[in-house]
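Asks: One file is attached below, start.tsv, containing TSV, C-alpha atoms and all ligand atoms.
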chain	number	residue	atom	x	y	z
W	252	MET	CA	-70.29	186.41	155.25
W	253	PHE	CA	-68.63	188.05	152.25
W	254	ALA	CA	-68.40	191.74	151.46
W	255	GLN	CA	-69.19	193.29	148.09
W	256	PRO	CA	-68.04	191.12	145.15
W	257	ILE	CA	-64.66	191.93	143.62
W	258	ALA	CA	-65.89	190.84	140.21
W	259	ARG	CA	-69.51	190.75	139.07
W	260	LEU	CA	-70.87	189.81	135.65
W	261	ARG	CA	-74.52	190.53	134.92
W	262	GLY	CA	-76.21	189.13	131.85
W	263	VAL	CA	-72.91	188.83	130.03
W	264	VAL	CA	-73.14	187.73	126.40
W	265	LYS	CA	-70.16	187.29	124.09
W	266	ASN	CA	-70.63	186.74	120.38
W	267	TYR	CA	-68.11	186.56	117.59
W	268	HIS	CA	-69.22	187.52	114.12
W	269	LEU	CA	-67.63	185.32	111.51
W	270	GLU	CA	-68.36	184.92	107.82
W	271	GLY	CA	-70.15	181.63	108.39
W	272	GLY	CA	-72.41	183.23	111.03
W	273	ASN	CA	-72.31	184.21	114.67
W	274	ILE	CA	-70.65	182.20	117.39
W	275	HIS	CA	-72.39	182.55	120.73
W	276	VAL	CA	-69.62	181.90	123.24
W	277	LEU	CA	-71.22	183.25	126.42
W	278	ARG	CA	-74.98	183.32	126.87
W	279	ASP	CA	-76.37	185.38	129.71
W	280	VAL	CA	-73.71	184.72	132.33
W	281	ASP	CA	-74.40	186.01	135.86
W	282	PHE	CA	-71.52	185.38	138.16
W	283	SER	CA	-69.58	187.00	140.97
W	284	VAL	CA	-66.43	186.39	142.94
W	285	CYS	CA	-66.21	187.67	146.51
W	286	PRO	CA	-63.09	188.54	148.53
W	287	GLY	CA	-61.32	185.47	149.84
W	288	GLU	CA	-62.96	182.98	147.50
W	289	PHE	CA	-61.10	180.34	145.49
W	290	VAL	CA	-63.33	179.51	142.51
W	291	ALA	CA	-62.62	177.01	139.75
W	292	ILE	CA	-64.53	176.80	136.47
W	293	THR	CA	-64.32	173.61	134.45
W	294	GLY	CA	-65.62	172.94	130.97
W	295	ALA	CA	-64.66	171.25	127.74
W	296	SER	CA	-62.20	172.85	125.37
W	297	GLY	CA	-63.98	175.61	123.43
W	298	SER	CA	-66.70	176.07	126.05
W	299	GLY	CA	-65.77	179.72	126.65
W	300	LYS	CA	-63.59	179.55	129.78
W	301	SER	CA	-60.78	181.74	128.44
W	302	THR	CA	-63.28	184.19	126.98
W	303	LEU	CA	-64.90	184.56	130.40
W	304	LEU	CA	-61.56	184.94	132.15
W	305	HIS	CA	-60.40	187.58	129.64
W	306	ILE	CA	-63.54	189.60	130.36
W	307	CYS	CA	-62.85	189.27	134.11
W	308	GLY	CA	-59.28	190.43	133.50
W	309	CYS	CA	-60.39	193.42	131.36
W	310	LEU	CA	-58.55	191.96	128.37
W	311	ASP	CA	-61.84	191.70	126.47
W	312	ARG	CA	-65.26	193.32	126.69
W	313	PRO	CA	-68.71	191.69	126.74
W	314	SER	CA	-70.96	192.02	123.67
W	315	GLU	CA	-73.89	192.60	126.03
W	316	GLY	CA	-74.32	192.86	129.78
W	317	THR	CA	-72.05	194.48	132.34
W	318	TYR	CA	-68.86	193.65	134.12
W	319	GLU	CA	-68.08	195.36	137.41
W	320	LEU	CA	-64.62	195.15	138.91
W	321	ALA	CA	-64.44	196.41	142.50
W	322	GLY	CA	-67.78	198.12	141.98
W	323	GLU	CA	-66.67	199.98	138.81
W	324	ASN	CA	-68.63	199.35	135.64
W	325	VAL	CA	-65.74	198.52	133.34
W	326	GLY	CA	-67.81	199.31	130.23
W	327	LEU	CA	-67.87	202.99	131.19
W	328	LEU	CA	-64.10	203.36	131.51
W	329	SER	CA	-61.62	204.66	128.93
W	330	ASP	CA	-58.75	202.40	127.85
W	331	ASP	CA	-56.36	204.30	130.14
W	332	GLN	CA	-58.66	204.00	133.14
W	333	LEU	CA	-59.10	200.33	132.34
W	334	ALA	CA	-55.34	199.79	132.21
W	335	ASP	CA	-55.01	201.45	135.64
W	336	LEU	CA	-57.78	199.32	137.10
W	337	ARG	CA	-56.22	196.19	135.66
W	338	GLN	CA	-52.80	197.08	137.01
W	339	ASN	CA	-54.15	197.67	140.50
W	340	TYR	CA	-56.65	194.86	140.78
W	341	ILE	CA	-55.75	191.95	138.52
W	342	GLY	CA	-52.94	189.40	138.43
W	343	PHE	CA	-53.09	187.10	135.39
W	344	VAL	CA	-51.41	183.68	135.09
W	345	PHE	CA	-51.39	181.96	131.68
W	346	GLN	CA	-50.88	178.38	130.59
W	347	ASP	CA	-47.73	179.20	128.62
W	348	PHE	CA	-46.20	181.46	131.33
W	349	ASN	CA	-45.76	184.51	129.02
W	350	LEU	CA	-42.30	185.40	130.32
W	351	LEU	CA	-39.77	187.61	128.55
W	352	PRO	CA	-37.10	185.14	127.35
W	353	TYR	CA	-34.14	187.53	127.57
W	354	ALA	CA	-35.03	188.97	130.95
W	355	SER	CA	-33.99	187.47	134.29
W	356	VAL	CA	-36.39	186.18	136.91
W	357	TYR	CA	-35.97	189.48	138.77
W	358	GLU	CA	-36.63	191.57	135.63
W	359	ASN	CA	-39.67	189.51	134.66
W	360	VAL	CA	-41.24	189.97	138.07
W	361	ALA	CA	-40.35	193.70	138.10
W	362	LEU	CA	-42.09	194.21	134.74
W	363	PRO	CA	-45.37	195.58	136.17
W	364	PHE	CA	-43.36	198.45	137.68
W	365	LEU	CA	-41.80	199.50	134.37
W	366	TYR	CA	-44.08	202.53	134.06
W	367	SER	CA	-44.89	202.82	137.73
W	368	THR	CA	-44.82	206.16	139.51
W	369	LEU	CA	-43.41	204.37	142.57
W	370	GLU	CA	-39.76	204.93	143.46
W	371	PRO	CA	-37.46	201.92	142.94
W	372	GLY	CA	-36.87	201.97	146.70
W	373	GLU	CA	-40.57	201.24	147.13
W	374	TRP	CA	-41.07	198.54	144.50
W	375	LYS	CA	-37.77	196.64	144.67
W	376	PRO	CA	-38.61	195.08	148.06
W	377	LEU	CA	-42.00	194.03	146.62
W	378	VAL	CA	-40.27	192.22	143.74
W	379	LEU	CA	-37.91	190.39	146.10
W	380	GLN	CA	-40.80	189.49	148.39
W	381	ALA	CA	-42.91	188.07	145.52
W	382	ILE	CA	-39.96	186.00	144.31
W	383	ASP	CA	-39.44	184.74	147.85
W	384	ASP	CA	-43.16	183.93	148.14
W	385	VAL	CA	-42.86	181.50	145.22
W	386	GLY	CA	-39.58	180.02	146.49
W	387	LEU	CA	-37.24	181.31	143.77
W	388	THR	CA	-34.87	183.56	145.71
W	389	GLN	CA	-31.99	181.29	144.63
W	390	ARG	CA	-32.82	181.92	140.93
W	391	LEU	CA	-32.93	185.74	140.74
W	392	ARG	CA	-30.50	186.11	137.83
W	393	HIS	CA	-31.61	183.08	135.83
W	394	ARG	CA	-33.32	183.47	132.49
W	395	PRO	CA	-36.49	181.47	131.77
W	396	SER	CA	-34.58	179.08	129.48
W	397	ALA	CA	-32.45	178.02	132.47
W	398	LEU	CA	-35.53	177.13	134.53
W	399	SER	CA	-37.84	174.11	134.65
W	400	GLY	CA	-41.48	174.46	133.57
W	401	GLY	CA	-42.64	174.58	137.17
W	402	GLU	CA	-40.10	177.28	138.01
W	403	ARG	CA	-41.22	179.32	134.99
W	404	GLN	CA	-44.80	179.18	136.18
W	405	ARG	CA	-43.61	180.27	139.65
W	406	VAL	CA	-41.99	183.33	138.04
W	407	ALA	CA	-45.26	184.09	136.25
W	408	ILE	CA	-47.15	183.74	139.53
W	409	ALA	CA	-44.67	186.05	141.28
W	410	ARG	CA	-45.23	188.61	138.52
W	411	ALA	CA	-49.00	188.21	138.93
W	412	ILE	CA	-48.91	188.81	142.69
W	413	VAL	CA	-46.22	191.49	142.88
W	414	CYS	CA	-48.70	194.40	142.79
W	415	LYS	CA	-50.82	192.67	145.44
W	416	PRO	CA	-53.84	192.24	143.17
W	417	LYS	CA	-57.36	191.97	144.56
W	418	LEU	CA	-58.08	189.11	142.12
W	419	ILE	CA	-55.78	186.44	140.68
W	420	LEU	CA	-56.97	184.93	137.39
W	421	ALA	CA	-55.39	181.70	136.17
W	422	ASP	CA	-56.07	180.19	132.73
W	423	GLU	CA	-55.10	176.48	132.64
W	424	PRO	CA	-52.05	177.31	134.83
W	425	THR	CA	-50.93	173.66	134.96
W	426	GLY	CA	-51.77	172.83	131.34
W	427	ASN	CA	-48.11	172.66	130.28
W	428	LEU	CA	-46.81	170.85	133.37
W	429	ASP	CA	-46.39	167.22	134.37
W	430	SER	CA	-48.56	165.89	137.18
W	431	VAL	CA	-45.97	166.24	139.97
W	432	THR	CA	-45.14	169.83	139.00
W	433	SER	CA	-48.85	170.59	138.61
W	434	ARG	CA	-49.39	169.55	142.21
W	435	GLU	CA	-46.62	171.89	143.36
W	436	ILE	CA	-48.16	174.82	141.49
W	437	LEU	CA	-51.63	174.01	142.86
W	438	THR	CA	-50.15	173.85	146.37
W	439	LEU	CA	-48.72	177.30	145.77
W	440	PHE	CA	-52.17	178.62	144.75
W	441	LEU	CA	-53.63	177.05	147.91
W	442	ARG	CA	-50.98	178.77	150.03
W	443	LEU	CA	-51.73	182.13	148.38
W	444	HIS	CA	-55.41	181.54	149.09
W	445	ASP	CA	-54.67	180.67	152.73
W	446	ASN	CA	-52.80	183.96	152.95
W	447	GLY	CA	-55.87	185.87	151.78
W	448	ALA	CA	-55.72	185.85	147.97
W	449	THR	CA	-58.91	185.72	145.90
W	450	ILE	CA	-58.49	183.32	142.98
W	451	LEU	CA	-60.48	182.42	139.89
W	452	LEU	CA	-58.99	179.49	137.97
W	453	VAL	CA	-60.29	177.91	134.77
W	454	THR	CA	-59.30	174.44	133.61
W	455	HIS	CA	-60.58	171.52	131.56
W	456	ASP	CA	-59.10	169.21	134.23
W	457	GLN	CA	-61.51	168.12	136.98
W	458	ASP	CA	-58.67	167.09	139.30
W	459	VAL	CA	-57.10	170.53	139.08
W	460	ALA	CA	-60.47	172.20	139.73
W	461	GLY	CA	-60.92	169.95	142.77
W	462	ILE	CA	-58.54	172.03	144.87
W	463	ALA	CA	-60.83	175.08	144.79
W	464	SER	CA	-63.45	175.73	147.45
W	465	ARG	CA	-66.18	176.65	144.95
W	466	LEU	CA	-66.72	174.77	141.70
W	467	MET	CA	-68.58	175.90	138.60
W	468	THR	CA	-69.12	174.39	135.17
W	469	MET	CA	-69.29	176.05	131.79
W	470	LYS	CA	-71.43	174.35	129.17
W	471	ASP	CA	-72.91	175.69	125.95
W	472	GLY	CA	-72.00	179.22	126.98
W	473	ARG	CA	-73.77	178.98	130.32
W	474	LEU	CA	-72.25	178.84	133.75
W	475	SER	CA	-73.71	176.77	136.56
W	476	GLU	CA	-72.75	176.10	140.15
W	477	LYS	CA	-71.63	172.57	140.98
W	478	ALA	CA	-72.93	171.11	144.20
O	1	LIG	P1	-61.96	177.53	126.20
O	1	LIG	O1	-61.01	178.42	126.90
O	1	LIG	O2	-63.04	176.97	127.10
O	1	LIG	O3	-61.28	176.42	125.45
O	1	LIG	P2	-62.45	179.83	124.50
O	1	LIG	O4	-63.05	180.87	125.38
O	1	LIG	O5	-61.03	179.97	124.13
O	1	LIG	O6	-62.76	178.39	125.11
O	1	LIG	O7	-63.28	179.78	123.13
O	1	LIG	C1	-64.68	179.59	123.10
O	1	LIG	C2	-65.17	179.64	121.67
O	1	LIG	O8	-65.01	180.95	121.14
O	1	LIG	C3	-64.43	178.72	120.72
O	1	LIG	O9	-65.36	178.15	119.86
O	1	LIG	C4	-63.49	179.62	120.00
O	1	LIG	O10	-63.21	179.15	118.72
O	1	LIG	C5	-64.28	180.92	119.95
O	1	LIG	N1	-63.42	182.12	119.90
O	1	LIG	C6	-62.57	182.53	120.89
O	1	LIG	N2	-61.95	183.67	120.54
O	1	LIG	C7	-62.40	184.00	119.30
O	1	LIG	C8	-62.15	185.06	118.38
O	1	LIG	N3	-61.29	186.04	118.67
O	1	LIG	N4	-62.82	185.05	117.19
O	1	LIG	C9	-63.71	184.09	116.91
O	1	LIG	N5	-63.99	183.05	117.73
O	1	LIG	C10	-63.36	182.99	118.91
O	2	MG	MG	-58.96	178.32	127.08
Now, as a test, write the supplied structure out as structure tokens.
Ligand code: ADP
Ligand code: MG

Replies:
Amino acid sequence: MFAQPIARLRGVVKNYHLEGGNIHVLRDVDFSVCPGEFVAITGASGSGKSTLLHICGCLDRPSEGTYELAGENVGLLSDDQLADLRQNYIGFVFQDFNLLPYASVYENVALPFLYSTLEPGEWKPLVLQAIDDVGLTQRLRHRPSALSGGERQRVAIARAIVCKPKLILADEPTGNLDSVTSREILTLFLRLHDNGATILLVTHDQDVAGIASRLMTMKDGRLSEKA
């Protein structure tokens, strides 16, 4: 049913070397995400969810094994090539929003185009469209401090989708929000998915994970499919 995976990890191991010994965070993870999927990974705090997501987002590299993004073996790319691939393929949403405090909603969402070779006439409509997609057209000139937590996360989501990424990665995207606002943000993810987005979300919260169409669990550095 699905085409070639967008993201594929094969035998991925991640170790950290500390003075007290090695920490084995990921042990032999095989996993792929195909176009159109909405996958959630749950697991206790410290189980390696963020580490896995950072590898998927090219923010970190495996100690062993390979990561392929859109068929490209990321381990063979230079840092510049990796940055290009990330820019074109990945949209990342964080728990703490990661917005620029002194920039407006519009400027925050336009950030990915700062070094773009596109003309402003080409990217400006994309920025306005992404802001409209998350329902914040009435807040264009507001700074993050003048927004609610839910609105801030909407800005971060608009910034993540503005380049029309092939894969949206979300790390505990509702972790800083109350339950009502969390629902609104999850509804937004569902709408993006209905409109064709491919999403990988990690969370310690089973209820949050429940909105995804495919569920996985991370335990002791290993990933398994939930029935
Ligand atoms: P989760 O997101 O599931 O809470 P993480 O992926 O953040 O888990 O962390 C998994 C484990 O890896 C934890 O034990 C954490 O302390 C360890 N870890 C993460 N990053 C580093 C690092 N840069 N150096 C050493 N240990 C790390
Ligand atoms: Mg984490």

Asks: Counting only C-alpha atoms and all ligand atoms, which protein, DNA or RNA residues come within 8 Å of ligand MG 2 (chain O), given as a list in words?

Replies: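 What falls inside 8 Å of ligand MG 2 (chain O) is Ser296, Gly297, Gly299, Lys300, Ser301, Thr302, Asp422, Glu423, Val453 and Thr454 of chain W.
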
Asks: Which of these, W:Leu379, W:Val325, W:Leu428, W:Ile306, has the shortest distance to ligand LIG 1 (chain O) once you count all atoms listed in the file?

Replies: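 The shortest atom-to-atom distance to ligand LIG 1 (chain O) comes from W:Ile306.
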
Asks: Taking all atoms listed in the file into account, name the residue in W:Val344, W:Leu362, W:Leu418, W:Leu441 that is nearest to Arg403 of chain W.

Replies: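 Smallest separation from Arg403 of chain W among the options: W:Val344.
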
Asks: Show me which residues line ligand LIG 1 (chain O), defined as having an atom within 10 Å of a ligand atom where only C-alpha atoms and all ligand atoms count, and present them as a PDB file with C-alpha atoms, keeping the file's coordinate frame.

Replies:
ATOM      1  CA  LYS W 265     -70.160 187.290 124.090  1.00  0.00           C
ATOM      2  CA  ASN W 266     -70.630 186.740 120.380  1.00  0.00           C
ATOM      3  CA  TYR W 267     -68.110 186.560 117.590  1.00  0.00           C
ATOM      4  CA  HIS W 268     -69.220 187.520 114.120  1.00  0.00           C
ATOM      5  CA  LEU W 269     -67.630 185.320 111.510  1.00  0.00           C
ATOM      6  CA  ASN W 273     -72.310 184.210 114.670  1.00  0.00           C
ATOM      7  CA  ILE W 274     -70.650 182.200 117.390  1.00  0.00           C
ATOM      8  CA  HIS W 275     -72.390 182.550 120.730  1.00  0.00           C
ATOM      9  CA  VAL W 276     -69.620 181.900 123.240  1.00  0.00           C
ATOM     10  CA  LEU W 277     -71.220 183.250 126.420  1.00  0.00           C
ATOM     11  CA  ILE W 292     -64.530 176.800 136.470  1.00  0.00           C
ATOM     12  CA  THR W 293     -64.320 173.610 134.450  1.00  0.00           C
ATOM     13  CA  GLY W 294     -65.620 172.940 130.970  1.00  0.00           C
ATOM     14  CA  ALA W 295     -64.660 171.250 127.740  1.00  0.00           C
ATOM     15  CA  SER W 296     -62.200 172.850 125.370  1.00  0.00           C
ATOM     16  CA  GLY W 297     -63.980 175.610 123.430  1.00  0.00           C
ATOM     17  CA  SER W 298     -66.700 176.070 126.050  1.00  0.00           C
ATOM     18  CA  GLY W 299     -65.770 179.720 126.650  1.00  0.00           C
ATOM     19  CA  LYS W 300     -63.590 179.550 129.780  1.00  0.00           C
ATOM     20  CA  SER W 301     -60.780 181.740 128.440  1.00  0.00           C
ATOM     21  CA  THR W 302     -63.280 184.190 126.980  1.00  0.00           C
ATOM     22  CA  LEU W 303     -64.900 184.560 130.400  1.00  0.00           C
ATOM     23  CA  LEU W 304     -61.560 184.940 132.150  1.00  0.00           C
ATOM     24  CA  HIS W 305     -60.400 187.580 129.640  1.00  0.00           C
ATOM     25  CA  ASP W 311     -61.840 191.700 126.470  1.00  0.00           C
ATOM     26  CA  ASP W 422     -56.070 180.190 132.730  1.00  0.00           C
ATOM     27  CA  GLU W 423     -55.100 176.480 132.640  1.00  0.00           C
ATOM     28  CA  VAL W 453     -60.290 177.910 134.770  1.00  0.00           C
ATOM     29  CA  THR W 454     -59.300 174.440 133.610  1.00  0.00           C
ATOM     30  CA  HIS W 455     -60.580 171.520 131.560  1.00  0.00           C
ATOM     31  CA  MET W 469     -69.290 176.050 131.790  1.00  0.00           C
ATOM     32  CA  LYS W 470     -71.430 174.350 129.170  1.00  0.00           C
ATOM     33  CA  ASP W 471     -72.910 175.690 125.950  1.00  0.00           C
ATOM     34  CA  GLY W 472     -72.000 179.220 126.980  1.00  0.00           C
TER      35      GLY W 472
END

Asks: Segment 272-389 of chain W near segment 405-411 of chain W within 10 Å: what's each residue's closest atom pair and its distance in Å to one decimal, counting only C-alpha atoms, ordered by chain then ascending residue number, as JSON lines?

Replies:
{"residue": "W:Gln338", "atom": "CA", "partner": "W:Ala411", "partner_atom": "CA", "distance": 9.8}
{"residue": "W:Ile341", "atom": "CA", "partner": "W:Ala411", "partner_atom": "CA", "distance": 7.7}
{"residue": "W:Gly342", "atom": "CA", "partner": "W:Ala411", "partner_atom": "CA", "distance": 4.1}
{"residue": "W:Phe343", "atom": "CA", "partner": "W:Ala411", "partner_atom": "CA", "distance": 5.5}
{"residue": "W:Val344", "atom": "CA", "partner": "W:Ile408", "partner_atom": "CA", "distance": 6.2}
{"residue": "W:Phe345", "atom": "CA", "partner": "W:Ala407", "partner_atom": "CA", "distance": 7.9}
{"residue": "W:Gln346", "atom": "CA", "partner": "W:Ala407", "partner_atom": "CA", "distance": 9.8}
{"residue": "W:Asp347", "atom": "CA", "partner": "W:Ala407", "partner_atom": "CA", "distance": 9.4}
{"residue": "W:Phe348", "atom": "CA", "partner": "W:Ala407", "partner_atom": "CA", "distance": 5.7}
{"residue": "W:Asn349", "atom": "CA", "partner": "W:Ala407", "partner_atom": "CA", "distance": 7.3}
{"residue": "W:Leu350", "atom": "CA", "partner": "W:Ala407", "partner_atom": "CA", "distance": 6.8}
{"residue": "W:Ser355", "atom": "CA", "partner": "W:Val406", "partner_atom": "CA", "distance": 9.8}
{"residue": "W:Val356", "atom": "CA", "partner": "W:Val406", "partner_atom": "CA", "distance": 6.4}
{"residue": "W:Tyr357", "atom": "CA", "partner": "W:Val406", "partner_atom": "CA", "distance": 8.6}
{"residue": "W:Glu358", "atom": "CA", "partner": "W:Arg410", "partner_atom": "CA", "distance": 9.5}
{"residue": "W:Asn359", "atom": "CA", "partner": "W:Arg410", "partner_atom": "CA", "distance": 6.8}
{"residue": "W:Val360", "atom": "CA", "partner": "W:Arg410", "partner_atom": "CA", "distance": 4.2}
{"residue": "W:Ala361", "atom": "CA", "partner": "W:Arg410", "partner_atom": "CA", "distance": 7.1}
{"residue": "W:Leu362", "atom": "CA", "partner": "W:Arg410", "partner_atom": "CA", "distance": 7.5}
{"residue": "W:Pro363", "atom": "CA", "partner": "W:Arg410", "partner_atom": "CA", "distance": 7.4}
{"residue": "W:Leu377", "atom": "CA", "partner": "W:Ala409", "partner_atom": "CA", "distance": 10.0}
{"residue": "W:Val378", "atom": "CA", "partner": "W:Ala409", "partner_atom": "CA", "distance": 8.0}
{"residue": "W:Leu379", "atom": "CA", "partner": "W:Ala409", "partner_atom": "CA", "distance": 9.4}
{"residue": "W:Gln380", "atom": "CA", "partner": "W:Ala409", "partner_atom": "CA", "distance": 8.8}
{"residue": "W:Ala381", "atom": "CA", "partner": "W:Ala409", "partner_atom": "CA", "distance": 5.0}
{"residue": "W:Ile382", "atom": "CA", "partner": "W:Ala409", "partner_atom": "CA", "distance": 5.6}
{"residue": "W:Asp383", "atom": "CA", "partner": "W:Ala409", "partner_atom": "CA", "distance": 8.5}
{"residue": "W:Asp384", "atom": "CA", "partner": "W:Ala409", "partner_atom": "CA", "distance": 7.3}
{"residue": "W:Val385", "atom": "CA", "partner": "W:Arg405", "partner_atom": "CA", "distance": 5.8}
{"residue": "W:Gly386", "atom": "CA", "partner": "W:Arg405", "partner_atom": "CA", "distance": 7.9}
{"residue": "W:Leu387", "atom": "CA", "partner": "W:Arg405", "partner_atom": "CA", "distance": 7.7}

Asks: Just write the chosen residues, C-alpha atoms, as a PDB file, in the coordinates of the input.

Replies:
ATOM      1  CA  GLN W 338     -52.800 197.080 137.010  1.00  0.00           C
ATOM      2  CA  ILE W 341     -55.750 191.950 138.520  1.00  0.00           C
ATOM      3  CA  GLY W 342     -52.940 189.400 138.430  1.00  0.00           C
ATOM      4  CA  PHE W 343     -53.090 187.100 135.390  1.00  0.00           C
ATOM      5  CA  VAL W 344     -51.410 183.680 135.090  1.00  0.00           C
ATOM      6  CA  PHE W 345     -51.390 181.960 131.680  1.00  0.00           C
ATOM      7  CA  GLN W 346     -50.880 178.380 130.590  1.00  0.00           C
ATOM      8  CA  ASP W 347     -47.730 179.200 128.620  1.00  0.00           C
ATOM      9  CA  PHE W 348     -46.200 181.460 131.330  1.00  0.00           C
ATOM     10  CA  ASN W 349     -45.760 184.510 129.020  1.00  0.00           C
ATOM     11  CA  LEU W 350     -42.300 185.400 130.320  1.00  0.00           C
ATOM     12  CA  SER W 355     -33.990 187.470 134.290  1.00  0.00           C
ATOM     13  CA  VAL W 356     -36.390 186.180 136.910  1.00  0.00           C
ATOM     14  CA  TYR W 357     -35.970 189.480 138.770  1.00  0.00           C
ATOM     15  CA  GLU W 358     -36.630 191.570 135.630  1.00  0.00           C
ATOM     16  CA  ASN W 359     -39.670 189.510 134.660  1.00  0.00           C
ATOM     17  CA  VAL W 360     -41.240 189.970 138.070  1.00  0.00           C
ATOM     18  CA  ALA W 361     -40.350 193.700 138.100  1.00  0.00           C
ATOM     19  CA  LEU W 362     -42.090 194.210 134.740  1.00  0.00           C
ATOM     20  CA  PRO W 363     -45.370 195.580 136.170  1.00  0.00           C
ATOM     21  CA  LEU W 377     -42.000 194.030 146.620  1.00  0.00           C
ATOM     22  CA  VAL W 378     -40.270 192.220 143.740  1.00  0.00           C
ATOM     23  CA  LEU W 379     -37.910 190.390 146.100  1.00  0.00           C
ATOM     24  CA  GLN W 380     -40.800 189.490 148.390  1.00  0.00           C
ATOM     25  CA  ALA W 381     -42.910 188.070 145.520  1.00  0.00           C
ATOM     26  CA  ILE W 382     -39.960 186.000 144.310  1.00  0.00           C
ATOM     27  CA  ASP W 383     -39.440 184.740 147.850  1.00  0.00           C
ATOM     28  CA  ASP W 384     -43.160 183.930 148.140  1.00  0.00           C
ATOM     29  CA  VAL W 385     -42.860 181.500 145.220  1.00  0.00           C
ATOM     30  CA  GLY W 386     -39.580 180.020 146.490  1.00  0.00           C
ATOM     31  CA  LEU W 387     -37.240 181.310 143.770  1.00  0.00           C
TER      32      LEU W 387
END

Asks: Give me, as a PyMOL selection string, all polymer residues having an atom no more than 12 Å from Phe440 of chain W, counting all atoms listed in the file and skipping those fewer than 6 positions away in the same chain.

Replies: chain W and resi 288-291+344+384-385+404-405+408-409+411-412+419-421+424-425+433-434+446-452+459-460+462-464

Asks: Give me, as a PyMOL selection string, all polymer residues having an atom no more than 7 Å from Glu315 of chain W, counting all atoms listed in the file and skipping those fewer than 2 positions away in the same chain.

Replies: chain W and resi 263-265+313+317
